[in-house]
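Q: The structure file upload00.cif (mmCIF, C-alpha atoms) is provided below.
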```
data_protein
loop_
_atom_site.group_PDB
_atom_site.id
_atom_site.type_symbol
_atom_site.label_atom_id
_atom_site.label_comp_id
_atom_site.auth_asym_id
_atom_site.auth_seq_id
_atom_site.Cartn_x
_atom_site.Cartn_y
_atom_site.Cartn_z
ATOM 1 C CA TRP A 24 48.707 8.448 50.962
ATOM 2 C CA SER A 25 48.875 10.787 53.948
ATOM 3 C CA ALA A 26 45.940 9.008 55.555
ATOM 4 C CA MET A 27 47.612 5.632 55.024
ATOM 5 C CA ASP A 28 50.809 6.947 56.562
ATOM 6 C CA ASP A 29 48.916 8.325 59.587
ATOM 7 C CA HIS A 30 47.345 4.946 60.189
ATOM 8 C CA SER A 31 50.519 2.981 59.439
ATOM 9 C CA VAL A 32 48.943 1.156 56.498
ATOM 10 C CA GLN A 33 51.471 -1.127 54.859
ATOM 11 C CA VAL A 34 52.014 -0.244 51.195
ATOM 12 C CA ALA A 35 54.216 -2.132 48.796
ATOM 13 C CA SER A 36 57.388 -0.243 48.017
ATOM 14 C CA ILE A 37 56.768 -0.481 44.274
ATOM 15 C CA ASP A 38 53.343 1.182 44.689
ATOM 16 C CA ARG A 39 54.808 3.951 46.838
ATOM 17 C CA ALA A 40 57.545 4.540 44.287
ATOM 18 C CA ALA A 41 54.931 4.798 41.518
ATOM 19 C CA TYR A 42 53.019 7.372 43.566
ATOM 20 C CA GLN A 43 56.116 9.447 44.175
ATOM 21 C CA MET A 44 56.791 9.477 40.419
ATOM 22 C CA LEU A 45 53.297 10.874 39.808
ATOM 23 C CA VAL A 46 53.707 13.800 42.211
ATOM 24 C CA PRO A 47 55.677 16.071 39.838
ATOM 25 C CA GLU A 48 53.414 15.125 36.898
ATOM 26 C CA TYR A 49 50.334 15.956 38.953
ATOM 27 C CA THR A 50 51.816 19.298 39.942
ATOM 28 C CA GLN A 51 52.649 20.063 36.302
ATOM 29 C CA MET A 52 49.136 19.190 35.174
ATOM 30 C CA LYS A 53 47.619 21.339 37.907
ATOM 31 C CA ASN A 54 49.738 24.295 36.834
ATOM 32 C CA ILE A 55 48.709 23.853 33.222
ATOM 33 C CA LEU A 56 45.002 23.746 34.133
ATOM 34 C CA GLU A 57 45.369 26.877 36.267
ATOM 35 C CA LEU A 58 47.113 28.647 33.394
ATOM 36 C CA LEU A 59 44.406 27.631 30.938
ATOM 37 C CA ASP A 60 41.695 28.754 33.332
ATOM 38 C CA SER A 61 43.348 32.131 33.780
ATOM 39 C CA THR A 62 43.463 32.697 29.993
ATOM 40 C CA LYS A 63 40.058 31.165 29.289
ATOM 41 C CA ASP A 64 38.196 34.412 28.644
ATOM 42 C CA GLU A 65 40.995 35.782 26.466
ATOM 43 C CA ASP A 66 41.154 32.566 24.426
ATOM 44 C CA MET A 67 37.372 32.426 24.055
ATOM 45 C CA GLY A 68 37.443 35.966 22.714
ATOM 46 C CA LYS A 69 40.132 35.078 20.172
ATOM 47 C CA TRP A 70 38.329 31.940 19.004
ATOM 48 C CA SER A 71 34.975 33.726 18.831
ATOM 49 C CA ALA A 72 36.526 36.400 16.645
ATOM 50 C CA ARG A 73 38.111 33.723 14.457
ATOM 51 C CA LEU A 74 34.758 31.945 14.199
ATOM 52 C CA GLU A 75 33.066 35.160 13.082
ATOM 53 C CA GLU A 76 35.685 35.546 10.350
ATOM 54 C CA ASP A 77 35.153 31.929 9.280
ATOM 55 C CA ILE A 78 31.378 32.405 9.138
ATOM 56 C CA LYS A 79 31.791 35.560 7.052
ATOM 57 C CA ALA A 80 34.013 33.635 4.638
ATOM 58 C CA PHE A 81 31.447 30.822 4.683
ATOM 59 C CA HIS A 82 28.709 33.187 3.511
ATOM 60 C CA ASP A 83 30.973 34.232 0.633
ATOM 61 C CA LYS A 84 31.355 30.556 -0.340
ATOM 62 C CA VAL A 85 27.585 30.132 -0.336
ATOM 63 C CA GLU A 86 27.172 33.180 -2.571
ATOM 64 C CA ALA A 87 29.828 31.825 -4.923
ATOM 65 C CA LEU A 88 28.047 28.470 -5.080
ATOM 66 C CA LYS A 89 24.764 30.264 -5.786
ATOM 67 C CA THR A 90 26.380 32.116 -8.697
ATOM 68 C CA SER A 91 27.775 28.860 -10.110
ATOM 69 C CA ALA A 92 24.399 27.120 -9.740
ATOM 70 C CA GLU A 93 22.725 29.917 -11.723
ATOM 71 C CA ASP A 94 24.920 29.246 -14.758
ATOM 72 C CA PRO A 95 22.452 29.435 -17.693
ATOM 73 C CA THR A 96 24.201 26.568 -19.500
ATOM 74 C CA LEU A 97 22.786 24.207 -16.858
ATOM 75 C CA LEU A 98 19.338 24.832 -18.326
ATOM 76 C CA GLU A 99 20.313 24.612 -21.977
ATOM 77 C CA ASP A 100 19.692 21.489 -24.019
ATOM 78 C CA HIS A 101 22.815 19.404 -24.669
ATOM 79 C CA GLU A 102 23.328 16.577 -27.116
ATOM 80 C CA PHE A 103 26.096 15.089 -24.992
ATOM 81 C CA LEU A 104 25.308 14.967 -21.290
ATOM 82 C CA ASP A 105 28.678 14.122 -19.738
ATOM 83 C CA GLY A 106 29.825 17.739 -19.541
ATOM 84 C CA VAL A 107 26.758 19.238 -17.895
ATOM 85 C CA MET A 108 26.374 16.243 -15.565
ATOM 86 C CA GLY A 109 30.002 16.606 -14.496
ATOM 87 C CA VAL A 110 29.286 20.214 -13.542
ATOM 88 C CA THR A 111 26.142 19.340 -11.560
ATOM 89 C CA GLU A 112 27.958 16.542 -9.724
ATOM 90 C CA GLU A 113 30.721 18.964 -8.743
ATOM 91 C CA LEU A 114 28.135 21.488 -7.530
ATOM 92 C CA LYS A 115 26.386 18.778 -5.507
ATOM 93 C CA GLN A 116 29.663 17.864 -3.824
ATOM 94 C CA GLN A 117 30.331 21.504 -3.003
ATOM 95 C CA GLY A 118 26.891 21.666 -1.433
ATOM 96 C CA VAL A 119 27.664 18.582 0.681
ATOM 97 C CA ASP A 120 30.951 20.123 1.808
ATOM 98 C CA LEU A 121 29.311 23.429 2.735
ATOM 99 C CA ASN A 122 26.591 21.633 4.710
ATOM 100 C CA ALA A 123 29.307 19.836 6.686
ATOM 101 C CA GLU A 124 31.081 23.156 7.303
ATOM 102 C CA ALA A 125 27.802 24.762 8.394
ATOM 103 C CA LYS A 126 27.257 22.037 11.005
ATOM 104 C CA LYS A 127 30.815 22.503 12.262
ATOM 105 C CA ASN A 128 30.294 26.259 12.643
ATOM 106 C CA GLN A 129 27.023 25.685 14.489
ATOM 107 C CA GLY A 130 28.791 23.257 16.829
ATOM 108 C CA PHE A 131 31.435 25.860 17.677
ATOM 109 C CA GLN A 132 28.746 28.485 18.292
ATOM 110 C CA GLN A 133 27.108 26.181 20.803
ATOM 111 C CA VAL A 134 30.466 25.650 22.575
ATOM 112 C CA PHE A 135 31.114 29.401 22.736
ATOM 113 C CA GLY A 136 27.593 30.113 23.968
ATOM 114 C CA GLN A 137 26.692 32.073 20.850
ATOM 115 C CA GLN A 138 23.373 32.115 19.045
ATOM 116 C CA VAL A 139 23.382 29.285 16.514
ATOM 117 C CA GLU A 140 23.100 30.713 13.028
ATOM 118 C CA ARG A 141 20.915 29.151 10.335
ATOM 119 C CA TYR A 142 21.709 29.205 6.652
ATOM 120 C CA PRO A 143 18.458 29.355 4.642
ATOM 121 C CA LEU A 144 20.310 30.538 1.522
ATOM 122 C CA LEU A 145 22.465 27.415 1.598
ATOM 123 C CA ASP A 146 19.360 25.222 1.838
ATOM 124 C CA GLU A 147 17.836 27.081 -1.114
ATOM 125 C CA VAL A 148 20.984 26.777 -3.245
ATOM 126 C CA VAL A 149 21.488 23.085 -2.439
ATOM 127 C CA GLY A 150 17.837 22.389 -3.268
ATOM 128 C CA ASP A 151 18.214 24.173 -6.604
ATOM 129 C CA ILE A 152 21.378 22.224 -7.434
ATOM 130 C CA ASN A 153 19.815 18.882 -6.490
ATOM 131 C CA LEU A 154 16.773 19.594 -8.659
ATOM 132 C CA LYS A 155 18.908 20.462 -11.671
ATOM 133 C CA ALA A 156 21.167 17.455 -11.100
ATOM 134 C CA GLY A 157 18.121 15.199 -10.715
ATOM 135 C CA MET A 158 16.667 16.558 -13.943
ATOM 136 C CA TRP A 159 19.836 15.734 -15.880
ATOM 137 C CA GLU A 160 20.150 12.314 -14.236
ATOM 138 C CA ALA A 161 16.556 11.524 -15.237
ATOM 139 C CA ARG A 162 17.273 12.768 -18.760
ATOM 140 C CA ARG A 163 20.220 10.367 -18.972
ATOM 141 C CA ASP A 164 18.369 7.416 -17.445
ATOM 142 C CA VAL A 165 15.207 7.775 -19.508
ATOM 143 C CA THR A 166 17.418 7.199 -22.541
ATOM 144 C CA SER A 167 19.935 4.636 -21.304
ATOM 145 C CA ILE A 168 17.757 2.497 -19.016
ATOM 146 C CA THR A 169 14.807 2.273 -21.373
ATOM 147 C CA GLU A 170 17.103 1.165 -24.169
ATOM 148 C CA SER A 171 17.622 -2.121 -22.298
ATOM 149 C CA TRP A 172 13.875 -2.412 -21.669
ATOM 150 C CA LYS A 173 13.119 -2.571 -25.385
ATOM 151 C CA ASP A 174 14.480 -6.118 -25.732
ATOM 152 C CA VAL A 175 12.387 -7.535 -22.870
ATOM 153 C CA LEU A 176 9.451 -9.754 -23.826
ATOM 154 C CA VAL A 177 6.094 -8.246 -22.886
ATOM 155 C CA MET A 178 5.108 -11.315 -20.873
ATOM 156 C CA GLU A 179 8.308 -10.993 -18.797
ATOM 157 C CA MET A 180 8.013 -7.299 -17.982
ATOM 158 C CA PRO A 181 8.294 -6.295 -14.274
ATOM 159 C CA VAL A 182 5.458 -3.841 -14.758
ATOM 160 C CA LYS A 183 5.220 -2.436 -11.225
ATOM 161 C CA ASP A 184 8.954 -1.783 -10.920
ATOM 162 C CA TRP A 185 9.096 -0.068 -14.285
ATOM 163 C CA GLU A 186 5.998 1.985 -13.605
ATOM 164 C CA ALA A 187 7.577 3.207 -10.351
ATOM 165 C CA GLN A 188 10.755 4.199 -12.182
ATOM 166 C CA VAL A 189 8.876 6.041 -14.918
ATOM 167 C CA GLN A 190 6.768 7.813 -12.307
ATOM 168 C CA LYS A 191 9.953 9.151 -10.677
ATOM 169 C CA TRP A 192 11.141 10.548 -14.016
ATOM 170 C CA PHE A 193 7.767 12.136 -14.671
ATOM 171 C CA LYS A 194 7.627 13.713 -11.206
ATOM 172 C CA THR A 195 11.154 15.089 -11.612
ATOM 173 C CA ALA A 196 10.223 16.625 -14.960
ATOM 174 C CA THR A 197 7.011 18.115 -13.588
ATOM 175 C CA ARG A 198 8.775 19.619 -10.580
ATOM 176 C CA ALA A 199 11.594 21.001 -12.751
ATOM 177 C CA GLU A 200 9.055 22.682 -15.027
ATOM 178 C CA ARG A 201 7.276 24.188 -12.039
ATOM 179 C CA GLU A 202 10.249 25.364 -9.958
ATOM 180 C CA LEU A 203 13.072 26.106 -12.407
ATOM 181 C CA PRO A 204 13.217 29.055 -14.804
ATOM 182 C CA GLU A 205 11.757 28.393 -18.241
ATOM 183 C CA ASN A 206 14.030 26.024 -20.107
ATOM 184 C CA PRO A 207 13.853 23.428 -22.901
ATOM 185 C CA VAL A 208 15.217 20.530 -20.823
ATOM 186 C CA ALA A 209 12.335 19.908 -18.408
ATOM 187 C CA PRO A 210 9.556 19.829 -21.057
ATOM 188 C CA LYS A 211 11.624 17.484 -23.215
ATOM 189 C CA LEU A 212 12.186 15.187 -20.233
ATOM 190 C CA ARG A 213 8.459 15.211 -19.480
ATOM 191 C CA GLU A 214 7.629 14.294 -23.081
ATOM 192 C CA MET A 215 10.144 11.427 -23.038
ATOM 193 C CA ALA A 216 8.819 10.129 -19.718
ATOM 194 C CA ALA A 217 5.209 10.489 -20.883
ATOM 195 C CA VAL A 218 5.817 7.987 -23.693
ATOM 196 C CA TRP A 219 6.846 5.317 -21.193
ATOM 197 C CA LYS A 220 4.184 6.433 -18.718
ATOM 198 C CA ASP A 221 1.582 5.344 -21.295
ATOM 199 C CA LEU A 222 3.523 2.469 -22.843
ATOM 200 C CA ILE A 223 4.255 0.446 -19.685
ATOM 201 C CA PRO A 224 0.618 0.229 -18.464
ATOM 202 C CA ALA A 225 -0.624 -0.527 -21.987
ATOM 203 C CA CYS A 226 1.808 -3.423 -22.333
ATOM 204 C CA GLY A 227 1.088 -4.459 -18.750
ATOM 205 C CA ASP A 228 -2.587 -4.873 -19.633
ATOM 206 C CA LEU A 229 -1.510 -7.282 -22.393
ATOM 207 C CA LYS A 230 -0.088 -9.565 -19.687
ATOM 208 C CA ASN A 231 -3.543 -10.092 -18.221
ATOM 209 C CA PRO A 232 -3.968 -13.909 -17.903
ATOM 210 C CA SER A 233 -7.731 -13.491 -18.322
ATOM 211 C CA LEU A 234 -7.354 -12.459 -21.965
ATOM 212 C CA GLN A 235 -8.909 -15.087 -24.213
ATOM 213 C CA GLU A 236 -8.623 -15.454 -27.975
ATOM 214 C CA ARG A 237 -11.764 -13.371 -28.498
ATOM 215 C CA HIS A 238 -10.177 -10.553 -26.526
ATOM 216 C CA TRP A 239 -6.947 -10.731 -28.540
ATOM 217 C CA GLU A 240 -8.963 -10.495 -31.739
ATOM 218 C CA LYS A 241 -10.686 -7.394 -30.391
ATOM 219 C CA LEU A 242 -7.313 -5.882 -29.409
ATOM 220 C CA GLU A 243 -5.855 -6.564 -32.842
ATOM 221 C CA THR A 244 -8.812 -4.785 -34.413
ATOM 222 C CA ILE A 245 -8.171 -1.794 -32.154
ATOM 223 C CA VAL A 246 -4.415 -1.472 -32.753
ATOM 224 C CA GLY A 247 -4.574 -2.459 -36.424
ATOM 225 C CA PHE A 248 -1.892 -5.141 -36.461
ATOM 226 C CA ARG A 249 -1.337 -8.745 -35.436
ATOM 227 C CA LEU A 250 -0.261 -9.317 -31.833
ATOM 228 C CA GLU A 251 1.956 -12.368 -32.232
ATOM 229 C CA ARG A 252 2.614 -13.937 -28.845
ATOM 230 C CA ASP A 253 3.749 -17.404 -29.903
ATOM 231 C CA PRO A 254 7.550 -17.748 -30.339
ATOM 232 C CA ASP A 255 6.927 -20.519 -32.872
ATOM 233 C CA THR A 256 4.925 -18.299 -35.197
ATOM 234 C CA TRP A 257 5.952 -14.669 -34.639
ATOM 235 C CA GLU A 258 7.886 -12.801 -37.309
ATOM 236 C CA GLU A 259 9.541 -10.678 -34.630
ATOM 237 C CA PRO A 260 9.698 -11.177 -30.846
ATOM 238 C CA PHE A 261 6.765 -9.833 -28.837
ATOM 239 C CA THR A 262 8.915 -7.263 -27.050
ATOM 240 C CA LEU A 263 8.359 -3.847 -25.562
ATOM 241 C CA GLY A 264 10.477 -2.325 -28.318
ATOM 242 C CA SER A 265 8.356 -3.857 -31.095
ATOM 243 C CA LEU A 266 5.181 -2.417 -29.564
ATOM 244 C CA LEU A 267 6.860 0.945 -29.000
ATOM 245 C CA SER A 268 7.799 1.128 -32.677
ATOM 246 C CA LYS A 269 4.119 0.606 -33.537
ATOM 247 C CA ASN A 270 2.973 3.319 -31.084
ATOM 248 C CA ILE A 271 0.756 0.973 -29.122
ATOM 249 C CA MET A 272 0.677 3.518 -26.261
ATOM 250 C CA ASN A 273 -1.730 5.567 -28.403
ATOM 251 C CA PHE A 274 -4.356 2.878 -27.721
ATOM 252 C CA ARG A 275 -3.786 2.697 -23.969
ATOM 253 C CA GLU A 276 -7.366 3.451 -22.896
ATOM 254 C CA ASP A 277 -8.905 0.988 -25.357
ATOM 255 C CA ILE A 278 -6.444 -1.734 -24.340
ATOM 256 C CA GLN A 279 -7.231 -1.109 -20.686
ATOM 257 C CA ARG A 280 -10.957 -1.351 -21.403
ATOM 258 C CA VAL A 281 -10.604 -4.725 -23.134
ATOM 259 C CA SER A 282 -8.321 -6.013 -20.377
ATOM 260 C CA THR A 283 -10.837 -4.963 -17.733
ATOM 261 C CA GLU A 284 -13.610 -6.693 -19.643
ATOM 262 C CA ALA A 285 -11.517 -9.866 -19.783
ATOM 263 C CA THR A 286 -10.925 -9.772 -16.040
ATOM 264 C CA GLN A 287 -14.613 -9.275 -15.279
ATOM 265 C CA GLU A 288 -15.625 -12.006 -17.695
ATOM 266 C CA GLY A 289 -13.026 -14.298 -16.160
ATOM 267 C CA VAL A 290 -14.575 -13.793 -12.728
ATOM 268 C CA LEU A 291 -18.033 -14.606 -14.096
ATOM 269 C CA GLU A 292 -16.757 -17.701 -15.901
ATOM 270 C CA GLU A 293 -15.096 -18.915 -12.722
ATOM 271 C CA MET A 294 -18.316 -18.452 -10.763
ATOM 272 C CA LEU A 295 -20.299 -20.261 -13.470
ATOM 273 C CA SER A 296 -17.797 -23.100 -13.458
ATOM 274 C CA LYS A 297 -18.253 -23.518 -9.711
ATOM 275 C CA VAL A 298 -22.029 -23.661 -10.144
ATOM 276 C CA LYS A 299 -21.693 -26.270 -12.889
ATOM 277 C CA GLY A 300 -19.319 -28.298 -10.756
ATOM 278 C CA ALA A 301 -21.723 -28.285 -7.841
ATOM 279 C CA TRP A 302 -24.612 -29.580 -9.973
ATOM 280 C CA VAL A 303 -22.512 -32.245 -11.693
ATOM 281 C CA ASN A 304 -21.951 -33.908 -8.340
ATOM 282 C CA ALA A 305 -25.474 -33.341 -7.005
ATOM 283 C CA GLU A 306 -27.544 -36.507 -6.380
ATOM 284 C CA PHE A 307 -31.295 -36.943 -6.024
ATOM 285 C CA THR A 308 -32.444 -39.450 -3.412
ATOM 286 C CA LEU A 309 -35.293 -41.701 -4.592
ATOM 287 C CA SER A 310 -37.632 -44.079 -2.743
ATOM 288 C CA ASN A 311 -40.320 -46.542 -3.834
ATOM 289 C CA PHE A 312 -43.794 -45.134 -4.274
ATOM 290 C CA LYS A 313 -45.983 -47.034 -1.766
ATOM 291 C CA ASP A 314 -45.622 -50.726 -2.569
ATOM 292 C CA ALA A 315 -44.681 -50.282 -6.223
ATOM 293 C CA LYS A 316 -41.298 -51.694 -7.086
ATOM 294 C CA ASP A 317 -40.848 -49.870 -10.402
ATOM 295 C CA VAL A 318 -42.226 -46.474 -9.422
ATOM 296 C CA PHE A 319 -40.037 -44.007 -7.528
ATOM 297 C CA ILE A 320 -40.480 -40.610 -5.986
ATOM 298 C CA LEU A 321 -38.062 -38.039 -4.560
ATOM 299 C CA ALA A 322 -37.372 -38.910 -0.962
ATOM 300 C CA GLY A 323 -36.100 -35.502 0.080
ATOM 301 C CA ILE A 324 -35.013 -32.324 -1.656
ATOM 302 C CA ASP A 325 -33.634 -30.244 1.215
ATOM 303 C CA GLU A 326 -30.041 -30.470 0.002
ATOM 304 C CA ILE A 327 -31.088 -29.915 -3.602
ATOM 305 C CA GLN A 328 -33.165 -26.897 -2.606
ATOM 306 C CA ALA A 329 -30.201 -25.441 -0.644
ATOM 307 C CA LEU A 330 -27.925 -25.966 -3.642
ATOM 308 C CA LEU A 331 -30.490 -24.324 -5.922
ATOM 309 C CA ASP A 332 -30.771 -21.324 -3.586
ATOM 310 C CA ASP A 333 -26.989 -20.938 -3.486
ATOM 311 C CA SER A 334 -26.787 -21.184 -7.260
ATOM 312 C CA MET A 335 -29.476 -18.565 -7.707
ATOM 313 C CA VAL A 336 -27.633 -16.197 -5.382
ATOM 314 C CA THR A 337 -24.386 -16.764 -7.296
ATOM 315 C CA MET A 338 -26.030 -16.233 -10.654
ATOM 316 C CA GLY A 339 -27.780 -13.143 -9.368
ATOM 317 C CA THR A 340 -24.459 -11.708 -8.245
#
```
Now, as a test, write the supplied structure out as structure tokens.

A:
Amino acid sequence: WSAMDDHSVQVASIDRAAYQMLVPEYTQMKNILELLDSTKDEDMGKWSARLEEDIKAFHDKVEALKTSAEDPTLLEDHEFLDGVMGVTEELKQQGVDLNAEAKKNQGFQQVFGQQVERYPLLDEVVGDINLKAGMWEARRDVTSITESWKDVLVMEMPVKDWEAQVQKWFKTATRAERELPENPVAPKLREMAAVWKDLIPACGDLKNPSLQERHWEKLETIVGFRLERDPDTWEEPFTLGSLLSKNIMNFREDIQRVSTEATQEGVLEEMLSKVKGAWVNAEFTLSNFKDAKDVFILAGIDEIQALLDDSMVTMGT
């Protein structure tokens, strides 16, 4: 504004009035910034001391969470799971809250130019809580989810999805057995998951489209009961639950062997069918022998010879 006045720059009166109204506000802001700058070191000292107190209290919270997570009842077998799962969910939430608080403390340390502190004990406690919570969640799911699986027809099973789910339960059980103190929950979970780990693949092999009647007869001899697949004739639906009740998972390896045989035989039959199809449409070209009208000889066998060579290669394979 001084420069514009020196050079007689025309300024609208409303703009000049707005500027003049800002002068006292600018002066007030400048004074405030100067005051804050003069007390900066003192304030930083106060906030740093407060942060140290907060971090000390934070460590106490982590220790308290560790004590709660080591509650022996979390590793005891329970008939009803709601209570223990409620506790693990609460512990998980406390872990989430403490992680958020840890990040906030680290952010303040960066602002104050302090060394950023790490919290390995918190990571250890949260990992322990998550493992225990995951173990109980798997224990619940292996009972509740599989109950709905039992009514699904074998031929309609989403085998890959279910195998992936069962594998997660089995891995959780195995890790819990390895990393948690000795307890009855993890082995029981592993045993429950192992049943489905064998059952799903065994029933999946029964979905093999290459299985022919001769293979089904062989399978029935192995398992010792009739495998009724036809809705018009079965006495009970051909479901996962019906096969589970008959312990078909005990014959998993034999079922897999027969299914593999059926697949391999199916490939051979398909190759043989192609060879047959090629020869059905093959034609021999004939021509008259010299001047004889009723005597014929092969005019050329190049194509026939090529087809024979291809067929021999296929059959040899």

Q: Care to translate the PyMOL selection byres ((chain A and resi 88-104) around 12) into actual residues of this file, as a compact mmCIF listing (two decimals) with C-alpha atoms, keeping the file's coordinate frame?

A:
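See expr-v3.txt below for the written result:
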```
# COMPACT_ATOMS: atom_id res chain seq x y z
CA PHE A 81 31.45 30.82 4.68
CA HIS A 82 28.71 33.19 3.51
CA ASP A 83 30.97 34.23 0.63
CA LYS A 84 31.36 30.56 -0.34
CA VAL A 85 27.58 30.13 -0.34
CA GLU A 86 27.17 33.18 -2.57
CA ALA A 87 29.83 31.82 -4.92
CA ASP A 105 28.68 14.12 -19.74
CA GLY A 106 29.82 17.74 -19.54
CA VAL A 107 26.76 19.24 -17.90
CA MET A 108 26.37 16.24 -15.56
CA GLY A 109 30.00 16.61 -14.50
CA VAL A 110 29.29 20.21 -13.54
CA THR A 111 26.14 19.34 -11.56
CA GLU A 112 27.96 16.54 -9.72
CA GLU A 113 30.72 18.96 -8.74
CA LEU A 114 28.14 21.49 -7.53
CA LYS A 115 26.39 18.78 -5.51
CA GLN A 116 29.66 17.86 -3.82
CA GLN A 117 30.33 21.50 -3.00
CA GLY A 118 26.89 21.67 -1.43
CA VAL A 119 27.66 18.58 0.68
CA ASP A 120 30.95 20.12 1.81
CA LEU A 121 29.31 23.43 2.74
CA LEU A 144 20.31 30.54 1.52
CA LEU A 145 22.46 27.42 1.60
CA ASP A 146 19.36 25.22 1.84
CA GLU A 147 17.84 27.08 -1.11
CA VAL A 148 20.98 26.78 -3.24
CA VAL A 149 21.49 23.08 -2.44
CA GLY A 150 17.84 22.39 -3.27
CA ASP A 151 18.21 24.17 -6.60
CA ILE A 152 21.38 22.22 -7.43
CA ASN A 153 19.82 18.88 -6.49
CA LEU A 154 16.77 19.59 -8.66
CA LYS A 155 18.91 20.46 -11.67
CA ALA A 156 21.17 17.45 -11.10
CA GLY A 157 18.12 15.20 -10.72
CA MET A 158 16.67 16.56 -13.94
CA TRP A 159 19.84 15.73 -15.88
CA GLU A 160 20.15 12.31 -14.24
CA ALA A 161 16.56 11.52 -15.24
CA ARG A 162 17.27 12.77 -18.76
CA ARG A 163 20.22 10.37 -18.97
CA ASP A 164 18.37 7.42 -17.44
CA THR A 166 17.42 7.20 -22.54
CA SER A 167 19.93 4.64 -21.30
CA ALA A 199 11.59 21.00 -12.75
CA GLU A 200 9.06 22.68 -15.03
CA LEU A 203 13.07 26.11 -12.41
CA PRO A 204 13.22 29.06 -14.80
CA GLU A 205 11.76 28.39 -18.24
CA ASN A 206 14.03 26.02 -20.11
CA PRO A 207 13.85 23.43 -22.90
CA VAL A 208 15.22 20.53 -20.82
CA ALA A 209 12.34 19.91 -18.41
CA PRO A 210 9.56 19.83 -21.06
CA LYS A 211 11.62 17.48 -23.22
CA LEU A 212 12.19 15.19 -20.23
```

Q: Evaluating the PyMOL selection byres ((chain A and resi 250-261) around 12) on the displayed file yields which residues, as a VMD selection string?

A: chain A and resid 173 to 180 226 229 to 230 236 238 to 249 262 to 269 271

Q: Of the residues A:Asp228, A:Glu124, A:Gln43, A:Ser310, which is the one nearest to Ala285 (chain A), using only C-alpha atoms?

A: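 Selected residue with least distance to Ala285 (chain A): A:Asp228.
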
Q: Return the single residue from A:Ile278, A:Ala216, A:Ala123, A:Val189 that is closest to Asn231 (chain A), with distances computed using only C-alpha atoms.

A: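 Nearest to Asn231 (chain A): A:Ile278.
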
Q: For CA of Gln287 (chain A) and CA of Val218 (chain A), quote the distance in Å rounded to one decimal.

A: 28.0 Å

Q: In terms of the shortest atom-to-atom distance over only C-alpha atoms, which of A:Met338, A:Phe307, A:Arg275, A:Ala35 is closest to Ile324 (chain A)?

A: A:Phe307

Q: Grab the CA of Arg198 (chain A) to CA of Trp219 (chain A) distance for me, in Å with one decimal place.

A: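 We find that CA of Arg198 (chain A) and CA of Trp219 (chain A) lie 17.9 Å from each other.
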